[in-house]
Structures are given as structure tokens and as C-alpha cells.
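What follows is a single structure, written as C-alpha cells, with notes after it.
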Amino acid sequence: MGRLAGKVAVITGGSSGIGEGTVRLFAREGAKVVIADLQDDQGNAIANELGDAVIYQHTDVSSESDVEALVKLAVDRFGRLDCFFNNAGFGGVSGEIDQTDMGDAYDATVGAMFTGVVLGMKHAARVMKPQGSGSIISTASVAGIQGGLGPHVYSGIKAGVIGLTRSVGLELSAFDIRVNCICPGGIATPIFAPMIEEEAVGSNEDIRDVMRPRLAATHPIGRSGEPEDIGNMALFLASDDSTLVTGQQLVVDGGLTSMHSRAEV
């Protein structure tokens, strides 16, 4: 306990899934946390549950004014910014490449998962550079490093996040700011809900419980990933334990990318 004592973190997409698990872990480890999300009821409920060290801010990460206001809130309320975790995301536009929807669905996918990461890095760096310290973390994916593990556009964006991480990490290393990304494998979160047939989910069944055995079957290690698995890696990257780690893609996938066949979930 206390690995993040005295630190201030912003976590986007913090109202559910990986983000929620990380918010709870960071708070237990002593951080002050700003949850950023569009799911207001869930975000406010988590903040109320965890006490004064955690606050919620409605944020569209694809909007520069929203991200700028988010960082300002963290600094105004808690005095500094030590970690910005670009985690917001969803499955996004999918389907065969020749059927790709290039309208609002495409714009929303790129906006949330790539533009949002650029904006998070931009506005976190504005605060961290004068401090001379900080950790910027982004959620990428195994789909960004190996084909067949996600929708086409999603996979391309996540590969872009990996490349952006390397590039920005190189720039910001001069200011003792670390920039890394995490590549999760199959994590049991609500992100899979649009991919599951309605008849496969019972009326009182949690989508995460439906996904766990399916995801476990794709992982050589034999179990589904959980939000806390990614939270633990984010904790390492946010803490002083990782002061020599930057520009890296850290894979947390139960051995999934050690295989060569397309994963069917």
C-alpha cells in the first residue's frame, strides 16, 4: 500500500472496465484521482464511494476543450499532475474492410481512441514539463501488434498508439517524463457486449461472466484477464518503480500473442 502516496492521476474511461479497476487500485495505493468519462452516474457513484481523494469530471476525450479542462481541474484541485492514463475506448466501427462505415461511427472511433490519446499527451505534457516529472500511460492492445485480434480500424488505431508512445516518449524523456502503453489481451469488461449475440446472454447474466470462459480459452495461461491485471501494470508505470521505463509497449495477455492462429472469442 502507498506506492502512489502524494501522486495525482487522471484516468480516462474510469467509470467502468479497466478504468474503474485502475481508479480503485490507484486510490488504495494513496493517489488522488480524477475520473474522466461520459458515464456520469457510474463515475459519480465511484467518486462518492471512494471519498474526497477521488473526483469525477464529465469528459469527451475527443474534445480539446474538455481535455484541457480536465487537466486544469486536476491541478486546481490537487496541485499537480503525476500520471495521465489515456484509457478511454470501445470496440468502435467494425466489419469487413469493404463495408467499413466512414461516417459518424468512424469519426467517433478515431476521436475517442486516437485523437483522445494525442490530446491527453498534449495537455499532460503542458503541466509535466515544468514539473520535470510525470508518467503518461495509454491503453493500446495486442490487436495493435498482431493481426486477427480485433476489428480493422481498432487494430490500426492501437498500432498508432504504440507508435505515438515511442515518438512522444523520446521527446519527453528530456523532461524526465515517461511515456508508455499497455497492450491488454482478452480482459473481461463490458467492451465485448456489442460482439455477443443477445441469445448468448441470460436475462440476469453479466456480460463479463459470459466472456470469461471464452477469453480463458484464447489464453495459454488458462484464464481470462481482469481489469486489475491491467491496473497492476498501470500502477507499476505510474509509480517510482518504473523510472527507467519509457517508450515501451508492455504486453499483458496471458501468452495470447505467443500463438499464431486467429483468436475466436
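Each chain in the C-alpha cells gets a letter, A, B, ..., in the order shown, and its residues are numbered from 1; ligands are numbered from 1 in order too.
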inquiry  = At a cut-off of 7 Å, using only C-alpha atoms, what residues contact Gln57 in chain A? Leave out same-chain residues fewer than 6 positions from it and give the result as a PyMOL selection string.
reply    = chain A and resi 35-37+70
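Note that CA of Lys158 in chain A and CA of Gly144 in chain A are 4.6 Å apart.
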Distance criterion (only C-alpha atoms): nearest to Val54 in chain A out of A:Gly186, A:Pro220, A:Gly30, A:Gly254 =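 Counting only C-alpha atoms, the residue closest to Val54 in chain A is A:Gly30.
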query = Contacts of Phe84 in chain A at 6 Å or less, counting only C-alpha atoms, minus same-chain residues fewer than 3 places along, as a PyMOL selection string?
reply = chain A and resi 9-10+136
inquiry  = Env of Ala125 in chain A: 9 Å cut, atoms = only C-alpha atoms, seq-sep filter 3 positions within chain, self excluded. Answer as a PyMOL selection string.
reply    = chain A and resi 120-122+128-130+134+136+172+177
inquiry  = Measuring between only C-alpha atoms, which one of A:Gly222, A:Ala143, A:Thr246, A:Phe114 shows the shortest distance to Arg178 in chain A?
reply    =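 Looking only at the distances to Arg178 in chain A, the closest residue turns out to be A:Thr246.
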query = What's the 7 Å shell around Ala238 in chain A, counting only C-alpha atoms, without same-chain residues fewer than 3 positions away, as a PyMOL selection string?
reply = chain A and resi 83+135+234-235
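Contact shell of Pro213 in chain A at 8 Å (only C-alpha atoms; same-chain neighbours under 4 positions omitted): Asp209, Ala217, Arg223 and Ser224 of chain A.
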Let's see if you can do this: from backbone DSSP, list all strand (DSSP E or B) residues in range 6-208 of chain A, as a CSV table (one decimal) with N, CA and C atoms, in the first residue's frame.
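Wrote states.csv, looks like this:
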```
chain,number,residue,atom,x,y,z
A,8,VAL,N,-0.9,12.5,-8.1
A,8,VAL,CA,-2.2,12.8,-8.6
A,8,VAL,C,-2.3,12.2,-10.0
A,9,ALA,N,-3.4,11.5,-10.2
A,9,ALA,CA,-3.6,10.8,-11.5
A,9,ALA,C,-4.9,11.2,-12.1
A,10,VAL,N,-4.9,11.3,-13.5
A,10,VAL,CA,-6.2,11.4,-14.3
A,10,VAL,C,-6.3,10.1,-15.0
A,11,ILE,N,-7.5,9.5,-15.0
A,11,ILE,CA,-7.8,8.2,-15.6
A,11,ILE,C,-9.0,8.4,-16.5
A,12,THR,N,-8.8,8.4,-17.8
A,12,THR,CA,-10.0,8.5,-18.7
A,12,THR,C,-10.6,7.1,-18.9
A,32,LYS,N,-4.4,10.6,-5.4
A,32,LYS,CA,-5.6,11.4,-5.6
A,32,LYS,C,-5.9,11.2,-7.1
A,33,VAL,N,-7.2,11.0,-7.4
A,33,VAL,CA,-7.6,10.5,-8.8
A,33,VAL,C,-8.7,11.3,-9.3
A,34,VAL,N,-8.6,11.7,-10.6
A,34,VAL,CA,-9.7,12.4,-11.3
A,34,VAL,C,-10.2,11.3,-12.3
A,35,ILE,N,-11.5,10.9,-12.2
A,35,ILE,CA,-12.1,10.0,-13.2
A,35,ILE,C,-12.7,10.9,-14.3
A,36,ALA,N,-12.3,10.5,-15.5
A,36,ALA,CA,-12.9,11.2,-16.7
A,36,ALA,C,-13.7,10.2,-17.5
A,37,ASP,N,-14.9,10.5,-17.8
A,37,ASP,CA,-15.8,9.6,-18.6
A,37,ASP,C,-17.0,10.3,-19.1
A,54,VAL,N,-11.0,11.2,-4.6
A,54,VAL,CA,-11.4,10.9,-6.0
A,54,VAL,C,-12.5,11.8,-6.4
A,55,ILE,N,-12.4,12.4,-7.6
A,55,ILE,CA,-13.5,13.2,-8.1
A,55,ILE,C,-13.8,12.8,-9.6
A,56,TYR,N,-14.9,13.2,-10.0
A,56,TYR,CA,-15.4,12.8,-11.4
A,56,TYR,C,-15.6,14.0,-12.2
A,57,GLN,N,-15.2,13.9,-13.5
A,57,GLN,CA,-15.4,15.0,-14.4
A,57,GLN,C,-15.9,14.4,-15.8
A,58,HIS,N,-17.1,14.9,-16.2
A,58,HIS,CA,-17.7,14.5,-17.5
A,58,HIS,C,-16.7,15.0,-18.6
A,83,CYS,N,0.4,11.5,-13.2
A,83,CYS,CA,0.1,10.4,-14.1
A,83,CYS,C,-1.2,10.8,-14.9
A,84,PHE,N,-1.1,10.6,-16.2
A,84,PHE,CA,-2.3,10.7,-17.1
A,84,PHE,C,-2.4,9.4,-17.8
A,85,PHE,N,-3.5,8.7,-17.6
A,85,PHE,CA,-3.8,7.4,-18.1
A,85,PHE,C,-4.8,7.5,-19.2
A,86,ASN,N,-4.4,7.5,-20.5
A,86,ASN,CA,-5.3,7.5,-21.6
A,86,ASN,C,-5.9,6.1,-21.8
A,134,GLY,N,6.8,13.0,-14.5
A,134,GLY,CA,5.4,12.6,-14.8
A,134,GLY,C,5.5,11.2,-15.6
A,135,SER,N,4.3,10.6,-15.6
A,135,SER,CA,4.1,9.4,-16.3
A,135,SER,C,2.8,9.4,-17.1
A,136,ILE,N,3.0,9.2,-18.4
A,136,ILE,CA,1.8,9.2,-19.3
A,136,ILE,C,1.7,7.7,-19.8
A,137,ILE,N,0.5,7.2,-19.6
A,137,ILE,CA,0.2,5.8,-19.9
A,137,ILE,C,-1.0,5.8,-20.9
A,138,SER,N,-1.0,4.9,-21.9
A,138,SER,CA,-2.1,4.7,-22.8
A,138,SER,C,-2.5,3.3,-22.9
A,139,THR,N,-3.7,3.0,-23.1
A,139,THR,CA,-4.2,1.6,-23.3
A,139,THR,C,-4.1,1.4,-24.8
A,177,ILE,N,9.9,12.7,-18.1
A,177,ILE,CA,8.5,12.3,-18.2
A,177,ILE,C,8.5,11.0,-19.0
A,178,ARG,N,7.9,9.9,-18.4
A,178,ARG,CA,7.9,8.6,-19.0
A,178,ARG,C,6.6,8.5,-19.8
A,179,VAL,N,6.7,7.8,-21.0
A,179,VAL,CA,5.5,7.6,-21.8
A,179,VAL,C,5.5,6.2,-22.3
A,180,ASN,N,4.5,5.4,-21.8
A,180,ASN,CA,4.4,4.0,-22.1
A,180,ASN,C,3.0,3.6,-22.5
A,181,CYS,N,2.8,2.5,-23.1
A,181,CYS,CA,1.5,2.0,-23.3
A,181,CYS,C,1.4,0.5,-22.9
A,182,ILE,N,0.2,0.1,-22.6
A,182,ILE,CA,-0.1,-1.3,-22.2
A,182,ILE,C,-1.0,-1.9,-23.3
A,183,CYS,N,-0.6,-3.2,-23.6
A,183,CYS,CA,-1.3,-3.9,-24.6
A,183,CYS,C,-2.0,-5.1,-24.0
A,184,PRO,N,-3.3,-4.9,-23.6
A,184,PRO,CA,-4.0,-6.0,-23.0
A,184,PRO,C,-4.4,-7.1,-24.0
A,187,ILE,N,-9.6,-9.1,-21.8
A,187,ILE,CA,-9.9,-8.7,-20.5
A,187,ILE,C,-11.4,-8.7,-20.4
```
inquiry  = Nearest residue to Val117 in chain A out of A:Asp240, A:Asp101, A:Asp176, A:Asp60, using only C-alpha atoms?
reply    = A:Asp60
inquiry  = My list of candidates is A:Met102, A:Ile157, A:Met233, A:Leu149. Which is closest to Thr257 in chain A when distances are computed with only C-alpha atoms?
reply    = A:Leu149
request  = Would you please work out which residue, of A:Leu50, A:Leu38, A:Val153, A:Leu81, is nearest to Arg24 in chain A when using only C-alpha atoms?
outcome  =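 For Arg24 in chain A, the nearest of the given residues is A:Leu50.
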Secondary structure check, helix (DSSP H, G or I) residues of range 77-258 of chain A, as a PyMOL selection string = chain A and resi 77-78+97-99+104-131+142-144+152-175+190-195+198-200+207-218+227-238+240-242+256-258
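Take the candidates A:Gly14, A:Leu164, A:Thr189, A:Ala124 and check each one against Asp41 in chain A using only C-alpha atoms; the shortest distance goes to A:Gly14.
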request  = Rounded to one decimal place, report the CA of Ser94 in chain A-CA of Arg166 in chain A distance in Å.
outcome  =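 Separating CA of Ser94 in chain A from CA of Arg166 in chain A is a distance of 26.6 Å.
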